[in-house]
Amino acid sequence: MTVPIAVIPMGARVRVRQGPLPTDPALIGRTGTVVESSEYSAARYGVALDGEPQVRVFGLGELEIVQFDALPPEREEAKRRRALP
């Protein structure tokens, strides 16, 4: 049994690309910010495209990551520490 995870974190900048499902050709190449991302629906991402007030839903294959912020310093430090038994 596998545990699904959201591959693209909230706040990441993404670009819409042609995926396996039909996509509106006017959306391909547009950029936006991921505002909805959950492990409960790991294949579904809500994206606020630049210049649009509504949130559009895309699948993982329809998005490519352009930029995402690094983890906060305390999270990076925690990753460097040795795990406890």
# chains A, B, ... in the order shown; residues from 1 in each chain; ligands from 1
>>> residues_around(residues="Thr23 (chain A)", least_positions_apart="4", cutoff="12 Å", atoms="only C-alpha atoms", output="short mmCIF file (atom, residue, chain, number, x, y, z; two decimals) with N, CA, C and O atoms, in the first residue's frame")
data_model
loop_
_atom_site.label_atom_id
_atom_site.label_comp_id
_atom_site.auth_asym_id
_atom_site.auth_seq_id
_atom_site.Cartn_x
_atom_site.Cartn_y
_atom_site.Cartn_z
N VAL A 16 1.30 26.03 -17.11
CA VAL A 16 0.38 25.04 -17.67
C VAL A 16 0.98 24.49 -18.95
O VAL A 16 1.48 25.25 -19.79
N ARG A 17 0.94 23.16 -19.10
CA ARG A 17 1.42 22.52 -20.32
C ARG A 17 0.38 21.52 -20.79
O ARG A 17 -0.56 21.19 -20.07
N GLN A 18 0.54 21.03 -21.99
CA GLN A 18 -0.38 20.03 -22.54
C GLN A 18 -0.16 18.72 -21.81
O GLN A 18 0.95 18.21 -21.75
N GLY A 19 -1.21 18.18 -21.24
CA GLY A 19 -1.13 16.92 -20.52
C GLY A 19 -1.87 15.83 -21.25
O GLY A 19 -2.26 15.99 -22.42
N LEU A 27 -4.92 28.24 -22.38
CA LEU A 27 -4.26 28.17 -21.07
C LEU A 27 -2.83 27.68 -21.14
O LEU A 27 -2.04 27.92 -20.22
N ILE A 28 -2.47 26.98 -22.19
CA ILE A 28 -1.14 26.40 -22.29
C ILE A 28 -0.09 27.51 -22.34
O ILE A 28 -0.20 28.46 -23.10
N GLY A 29 0.91 27.38 -21.48
CA GLY A 29 1.98 28.36 -21.39
C GLY A 29 1.75 29.44 -20.35
O GLY A 29 2.67 30.20 -20.04
N ARG A 56 -8.48 27.61 -10.95
CA ARG A 56 -8.72 26.54 -11.92
C ARG A 56 -8.07 25.26 -11.40
O ARG A 56 -7.05 25.30 -10.73
N VAL A 57 -8.65 24.13 -11.75
CA VAL A 57 -8.15 22.83 -11.29
C VAL A 57 -7.40 22.15 -12.43
O VAL A 57 -7.88 22.07 -13.55
N PHE A 58 -6.20 21.65 -12.10
CA PHE A 58 -5.35 20.95 -13.06
C PHE A 58 -4.85 19.65 -12.46
O PHE A 58 -4.77 19.51 -11.24
N GLY A 59 -4.47 18.72 -13.32
CA GLY A 59 -3.84 17.49 -12.89
C GLY A 59 -2.33 17.66 -12.87
O GLY A 59 -1.79 18.62 -13.41
N GLY A 61 -0.02 16.05 -14.47
CA GLY A 61 0.59 16.01 -15.80
C GLY A 61 0.40 17.28 -16.61
O GLY A 61 1.01 17.46 -17.65
N GLU A 62 -0.45 18.18 -16.14
CA GLU A 62 -0.73 19.42 -16.87
C GLU A 62 0.07 20.60 -16.33
O GLU A 62 -0.07 21.70 -16.85
N LEU A 63 0.90 20.37 -15.31
CA LEU A 63 1.65 21.46 -14.69
C LEU A 63 3.14 21.16 -14.67
O LEU A 63 3.54 20.01 -14.51
#
>>> select_by_dssp(residues="chain A", states="strand (DSSP E)", output="list of chain:residue names")
A:Arg13, A:Val14, A:Arg15, A:Val16, A:Thr31, A:Gly32, A:Thr33, A:Val34, A:Val35, A:Glu36, A:Ser37, A:Arg44, A:Tyr45, A:Gly46, A:Val47, A:Ala48, A:Leu49, A:Arg56, A:Val57, A:Phe58, A:Gly59, A:Leu63, A:Glu64, A:Ile65, A:Val66, A:Gln67
>>> write_last_selection(atoms="C-alpha atoms", output="PDB file, in the first residue's frame")
ATOM      1  CA  ARG A  13       4.850  28.896  -9.263  1.00  0.00           C
ATOM      2  CA  VAL A  14       3.769  26.658 -12.142  1.00  0.00           C
ATOM      3  CA  ARG A  15       3.248  26.805 -15.898  1.00  0.00           C
ATOM      4  CA  VAL A  16       0.375  25.044 -17.672  1.00  0.00           C
ATOM      5  CA  THR A  31       1.770  30.785 -15.280  1.00  0.00           C
ATOM      6  CA  GLY A  32       0.160  30.885 -11.868  1.00  0.00           C
ATOM      7  CA  THR A  33       0.445  29.940  -8.199  1.00  0.00           C
ATOM      8  CA  VAL A  34      -0.705  26.693  -6.570  1.00  0.00           C
ATOM      9  CA  VAL A  35      -3.290  27.629  -3.923  1.00  0.00           C
ATOM     10  CA  GLU A  36      -4.879  24.204  -3.288  1.00  0.00           C
ATOM     11  CA  SER A  37      -2.754  21.110  -2.745  1.00  0.00           C
ATOM     12  CA  ARG A  44      -5.651  17.570  -8.213  1.00  0.00           C
ATOM     13  CA  TYR A  45      -4.168  21.058  -7.863  1.00  0.00           C
ATOM     14  CA  GLY A  46      -5.979  24.375  -7.612  1.00  0.00           C
ATOM     15  CA  VAL A  47      -4.059  27.071  -9.469  1.00  0.00           C
ATOM     16  CA  ALA A  48      -4.695  30.822  -9.480  1.00  0.00           C
ATOM     17  CA  LEU A  49      -3.484  31.865 -12.924  1.00  0.00           C
ATOM     18  CA  ARG A  56      -8.724  26.538 -11.915  1.00  0.00           C
ATOM     19  CA  VAL A  57      -8.153  22.828 -11.292  1.00  0.00           C
ATOM     20  CA  PHE A  58      -5.351  20.950 -13.064  1.00  0.00           C
ATOM     21  CA  GLY A  59      -3.842  17.489 -12.887  1.00  0.00           C
ATOM     22  CA  LEU A  63       1.651  21.463 -14.691  1.00  0.00           C
ATOM     23  CA  GLU A  64       5.378  22.065 -14.630  1.00  0.00           C
ATOM     24  CA  ILE A  65       7.115  23.722 -11.696  1.00  0.00           C
ATOM     25  CA  VAL A  66       8.708  27.054 -12.543  1.00  0.00           C
ATOM     26  CA  GLN A  67       9.786  28.088  -9.043  1.00  0.00           C
TER      27      GLN A  67
END
>>> select_by_dssp(residues="chain A", states="alpha helix (DSSP H)", output="PyMOL selection string")
chain A and resi 73-80
>>> closest_residue(among="A:Ile8, A:Leu60, A:Ala78, A:Arg30", to="Ala43 (chain A)", atoms="only C-alpha atoms")
A:Leu60
>>> atom_distance(atom1="CA of Gly51 (chain A)", atom2="CA of Phe68 (chain A)")
19.3 Å
>>> atom_distance(atom1="CA of Ala42 (chain A)", atom2="CA of Glu76 (chain A)")
24.0 Å
>>> closest_residue(among="A:Pro85, A:Pro4, A:Arg80, A:Glu74", to="Ser41 (chain A)", atoms="only C-alpha atoms")
A:Pro4
>>> residues_around(residues="Ile5 (chain A)", least_positions_apart="4", cutoff="8 Å", atoms="only C-alpha atoms", output="JSON, numbers by chain")
{"A": [38, 39, 40, 42]}
